[in-house]
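Colleague: Below is model-v7.txt; it holds compact mmCIF, C-alpha atoms.
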```
# COMPACT_ATOMS: atom_id res chain seq x y z
CA MET R 1 119.83 94.87 107.88
CA ARG R 2 120.31 91.25 106.88
CA LEU R 3 122.25 88.86 108.99
CA ARG R 4 123.58 85.80 107.21
CA LYS R 5 125.52 82.75 108.19
CA LEU R 6 125.62 83.53 111.87
CA LYS R 7 127.37 80.84 113.85
CA PHE R 8 126.64 80.22 117.50
CA THR R 9 127.57 77.42 119.80
CA ALA R 10 124.57 75.83 121.49
CA GLU R 11 125.57 77.53 124.74
CA GLU R 12 125.87 80.97 123.11
CA ALA R 13 122.49 80.57 121.43
CA GLU R 14 120.87 79.61 124.73
CA ASP R 15 122.43 82.62 126.50
CA TYR R 16 121.24 84.89 123.71
CA MET R 17 117.68 83.56 123.90
CA GLU R 18 117.53 84.06 127.65
CA THR R 19 118.46 87.77 127.38
CA LEU R 20 116.41 88.74 124.32
CA GLU R 21 113.81 91.43 125.13
CA GLY R 22 111.95 91.80 121.83
CA ILE R 23 111.09 89.69 118.80
CA ASP R 24 109.32 90.71 115.62
CA ALA R 25 108.27 87.46 113.97
CA SER R 26 105.57 89.04 111.83
CA PHE R 27 105.01 88.02 108.20
CA ASN R 28 106.67 84.60 108.62
CA ARG R 29 103.78 82.29 107.71
CA LEU R 30 103.89 80.71 111.16
CA THR R 31 101.00 78.36 111.94
CA ARG R 32 102.00 77.77 115.57
CA LEU R 33 104.67 78.85 117.98
CA PRO R 34 107.91 76.92 118.27
CA THR R 35 108.31 75.39 121.72
CA SER R 36 111.69 77.15 121.96
CA PHE R 37 109.78 80.40 122.57
CA SER R 38 109.33 79.21 126.16
CA MET R 39 113.07 79.83 126.67
CA LEU R 40 112.68 83.56 126.00
CA THR R 41 112.24 84.41 129.68
CA SER R 42 113.42 88.05 129.37
CA LEU R 43 111.09 88.82 126.48
CA ARG R 44 108.98 91.98 126.86
CA LYS R 45 107.65 92.50 123.33
CA LEU R 46 106.51 89.79 120.94
CA ASP R 47 105.04 90.58 117.53
CA LEU R 48 103.50 87.56 115.83
CA SER R 49 101.16 89.54 113.61
CA HIS R 50 100.45 88.75 109.96
CA ASN R 51 101.07 85.03 110.22
CA ARG R 52 98.78 82.01 109.93
CA ILE R 53 98.67 81.06 113.58
CA THR R 54 95.75 78.76 114.39
CA TYR R 55 94.80 76.54 117.31
CA CYS R 56 95.12 79.64 119.43
CA GLY R 57 98.69 79.62 118.23
CA LEU R 58 99.73 79.53 121.83
CA GLN R 59 99.39 75.91 122.71
CA ASN R 60 101.27 72.96 121.34
CA PRO R 61 98.72 70.85 119.40
CA CYS R 62 100.42 67.61 120.46
CA PRO R 63 98.03 65.90 122.93
CA PHE R 64 100.95 64.88 125.14
CA LYS R 65 102.33 68.42 125.38
CA GLN R 66 99.42 70.68 126.25
CA ALA R 67 101.63 73.23 128.01
CA PHE R 68 101.04 76.92 127.40
CA ILE R 69 104.17 77.85 125.43
CA LEU R 70 104.19 81.49 126.53
CA ALA R 71 103.70 80.76 130.26
CA PRO R 72 107.38 81.30 131.18
CA LEU R 73 107.32 84.77 129.58
CA VAL R 74 106.22 86.52 132.77
CA LEU R 75 107.86 89.83 131.76
CA LEU R 76 105.93 90.07 128.49
CA ASP R 77 104.08 93.39 128.33
CA HIS R 78 103.25 93.66 124.60
CA LEU R 79 101.80 90.78 122.58
CA ASN R 80 100.60 91.21 119.01
CA LEU R 81 98.66 88.29 117.55
CA GLY R 82 96.73 90.44 115.09
CA HIS R 83 96.12 89.32 111.48
CA ASN R 84 96.25 85.58 112.15
CA GLU R 85 93.71 82.76 112.04
CA LEU R 86 92.88 82.41 115.72
CA CYS R 87 89.39 81.13 116.41
CA LYS R 88 89.62 81.47 120.20
CA VAL R 89 91.94 82.79 122.87
CA ASN R 90 93.76 80.34 125.09
CA LYS R 91 92.41 80.71 128.63
CA ASN R 92 95.94 80.33 129.98
CA ILE R 93 96.83 83.75 128.62
CA THR R 94 95.86 84.93 132.12
CA CYS R 95 99.30 83.85 133.35
CA LEU R 96 100.79 86.76 131.38
CA THR R 97 99.94 89.18 134.18
CA ASN R 98 102.32 91.94 133.00
CA LEU R 99 100.59 92.39 129.63
CA VAL R 100 99.86 96.06 128.98
CA GLU R 101 98.92 95.75 125.29
CA LEU R 102 97.24 92.76 123.67
CA TYR R 103 96.37 92.79 119.97
CA LEU R 104 93.98 90.10 118.75
CA ASP R 105 92.55 92.07 115.83
CA HIS R 106 91.82 90.61 112.38
CA ASN R 107 91.36 87.00 113.49
CA LEU R 108 88.45 84.55 113.46
CA ILE R 109 87.45 84.91 117.12
CA LYS R 110 83.70 84.49 117.61
CA LYS R 111 83.40 84.07 121.37
CA LEU R 112 85.36 85.01 124.43
CA ASN R 113 85.06 83.96 128.03
CA CYS R 114 85.33 86.98 130.32
CA SER R 115 87.61 85.00 132.65
CA THR R 116 90.14 85.06 129.80
CA PHE R 117 91.11 88.60 130.80
CA ALA R 118 90.28 88.44 134.53
CA ASN R 119 93.86 88.30 135.87
CA LEU R 120 95.34 90.77 133.42
CA ALA R 121 95.39 93.69 135.86
CA SER R 122 98.13 95.55 133.92
CA LEU R 123 96.24 95.39 130.62
CA ARG R 124 95.52 98.88 129.26
CA HIS R 125 94.82 98.16 125.58
CA LEU R 126 92.91 95.21 124.15
CA ASP R 127 92.25 95.19 120.40
CA LEU R 128 89.56 92.74 119.25
CA SER R 129 88.61 94.68 116.13
CA ASN R 130 87.72 92.91 112.89
CA ASN R 131 86.78 89.60 114.47
CA PRO R 132 83.38 87.97 113.83
CA LEU R 133 82.41 88.37 117.50
CA CYS R 134 78.87 87.17 118.13
CA GLU R 135 78.38 89.12 121.33
CA SER R 136 78.41 92.76 122.32
CA LYS R 137 81.14 94.37 124.39
CA HIS R 138 78.86 94.30 127.43
CA ALA R 139 78.10 90.60 127.01
CA LEU R 140 81.77 89.78 126.50
CA LEU R 141 83.25 91.95 129.23
CA GLY R 142 80.30 93.01 131.39
CA GLY R 143 80.83 90.44 134.13
CA CYS R 144 84.59 90.83 134.16
CA GLY R 145 84.99 94.07 136.00
CA ASP R 146 87.32 96.50 134.26
CA PRO R 147 89.90 94.44 132.39
CA CYS R 148 91.70 97.34 130.77
CA GLY R 149 91.70 100.98 129.79
CA SER R 150 90.41 100.63 126.23
CA VAL R 151 88.80 97.90 124.20
CA TYR R 152 88.52 98.03 120.41
CA MET R 153 85.96 95.89 118.64
CA HIS R 154 84.49 95.78 115.13
CA ALA R 155 86.99 98.26 113.69
CA ARG R 156 85.87 101.10 115.91
CA PRO R 157 86.82 102.12 119.44
CA VAL R 158 84.39 101.16 122.17
CA GLN R 159 83.96 103.45 125.14
CA PRO R 160 87.02 103.25 127.38
CA LEU R 161 86.35 101.27 130.51
CA GLY R 162 86.80 102.95 133.86
CA LEU R 163 90.10 102.20 135.51
CA GLY R 164 89.68 100.87 139.02
```
Please express the file's structure as structure tokens.

Modeller:
Amino acid sequence: MRLRKLKFTAEEAEDYMETLEGIDASFNRLTRLPTSFSMLTSLRKLDLSHNRITYCGLQNPCPFKQAFILAPLVLLDHLNLGHNELCKVNKNITCLTNLVELYLDHNLIKKLNCSTFANLASLRHLDLSNNPLCESKHALLGGCGDPCGSVYMHARPVQPLGLG
């Protein structure tokens, strides 16, 4: 379905953004997230796959605005950043404590810090497949405890981690 020439007042648009629960912004050639995404406080599902997101895609590259754009999205439980150009994962992703599924597949991620996933207690699926990771699953996640139910790396499933 195509929607054309929609007209909203500024107030109506703001109300709409605050109640939106899902966005599929895949295949839009995005290189970074618009700061307006921080207004999507009811968002539960966000699909940003198949874009050109770089610079972690989650942080405003302006040196005076280093805020984590997705931080206000505390209800977010599904985040798909697969098929982008991420070279690392923003450490502030840990504030998204309700994440159940996190897709980071098909990016340029070489290294991860295990503290990146430390506070994601709800995480049950982490997909890191098809990234040029330099370290093994044990080296990446070994000191982290059990960050989630299943971890996928290098285009094949890795043994599911025990759930604590």

Colleague: Measure the distance from atom CA of Ile69 of chain R to atom CA of Pro132 of chain R in Å and round it to one decimal.

Modeller: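 Calculated distance between atom CA of Ile69 of chain R and atom CA of Pro132 of chain R is 25.9 Å.
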
Colleague: Closest to Pro72 of chain R among R:Ile93, R:Leu30, R:Met39, R:Leu120, using all atoms listed in the file?

Modeller: R:Met39

Colleague: Residues at most 8 Å from Asp47 of chain R, counting all atoms listed in the file, excluding those fewer than 3 positions away in the same chain, as a PDB file with C-alpha atoms, keeping the file's coordinate frame?

Modeller:
```pdb
ATOM      1  CA  ILE R  23     111.090  89.690 118.800  1.00  0.00           C
ATOM      2  CA  ASP R  24     109.320  90.710 115.620  1.00  0.00           C
ATOM      3  CA  ALA R  25     108.270  87.460 113.970  1.00  0.00           C
ATOM      4  CA  SER R  26     105.570  89.040 111.830  1.00  0.00           C
ATOM      5  CA  HIS R  78     103.250  93.660 124.600  1.00  0.00           C
ATOM      6  CA  LEU R  79     101.800  90.780 122.580  1.00  0.00           C
ATOM      7  CA  ASN R  80     100.600  91.210 119.010  1.00  0.00           C
ATOM      8  CA  LEU R  81      98.660  88.290 117.550  1.00  0.00           C
TER       9      LEU R  81
END
```

Colleague: For Cys95 of chain R, find every residue with an atom within 10 Å (counting all atoms listed in the file), except residues of its own chain fewer than 4 positions away, and show them as a list in words.

Modeller: Phe68, Leu70, Ala71, Pro72, Leu73, Val74, Lys91, Leu99, Thr116, Phe117, Asn119 and Leu120 of chain R

Colleague: Give the answer as one residue: which of R:Leu102, R:Leu46, R:Ala121, R:Ile109 has the shortest atom-to-atom distance to Lys88 of chain R, using only C-alpha atoms?

Modeller: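 With only C-alpha atoms as the atom set, the closest residue is R:Ile109.
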
Colleague: Work out how far atom CA of Ser36 of chain R is from atom CA of Asn51 of chain R, in Å to one decimal.

Modeller: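 Distance between the two atoms: 17.7 Å.
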
Colleague: Any idea what the distance is between atom CA of His106 of chain R and atom CA of Leu128 of chain R?

Modeller: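 Taking atom CA of His106 of chain R and atom CA of Leu128 of chain R, their separation equals 7.5 Å.
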
Colleague: Could you please give me, as a PDB file with C-alpha atoms, in the frame of the given file, the residues of protein, DNA or RNA lying at most 7 Å from (86.2, 90.5, 112.2) in the coordinate frame of the file, considering all atoms listed in the file?

Modeller:
```pdb
ATOM      1  CA  HIS R 106      91.820  90.610 112.380  1.00  0.00           C
ATOM      2  CA  ASN R 107      91.360  87.000 113.490  1.00  0.00           C
ATOM      3  CA  LEU R 108      88.450  84.550 113.460  1.00  0.00           C
ATOM      4  CA  SER R 129      88.610  94.680 116.130  1.00  0.00           C
ATOM      5  CA  ASN R 130      87.720  92.910 112.890  1.00  0.00           C
ATOM      6  CA  ASN R 131      86.780  89.600 114.470  1.00  0.00           C
ATOM      7  CA  PRO R 132      83.380  87.970 113.830  1.00  0.00           C
ATOM      8  CA  LEU R 133      82.410  88.370 117.500  1.00  0.00           C
ATOM      9  CA  HIS R 154      84.490  95.780 115.130  1.00  0.00           C
TER      10      HIS R 154
END
```

Colleague: Find the residue from R:His50, R:Ser150, R:Lys110, R:Asn28 that sits nearest to Cys134 of chain R; use only C-alpha atoms when measuring.

Modeller: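 Result for the nearest residue to Cys134 of chain R: R:Lys110.
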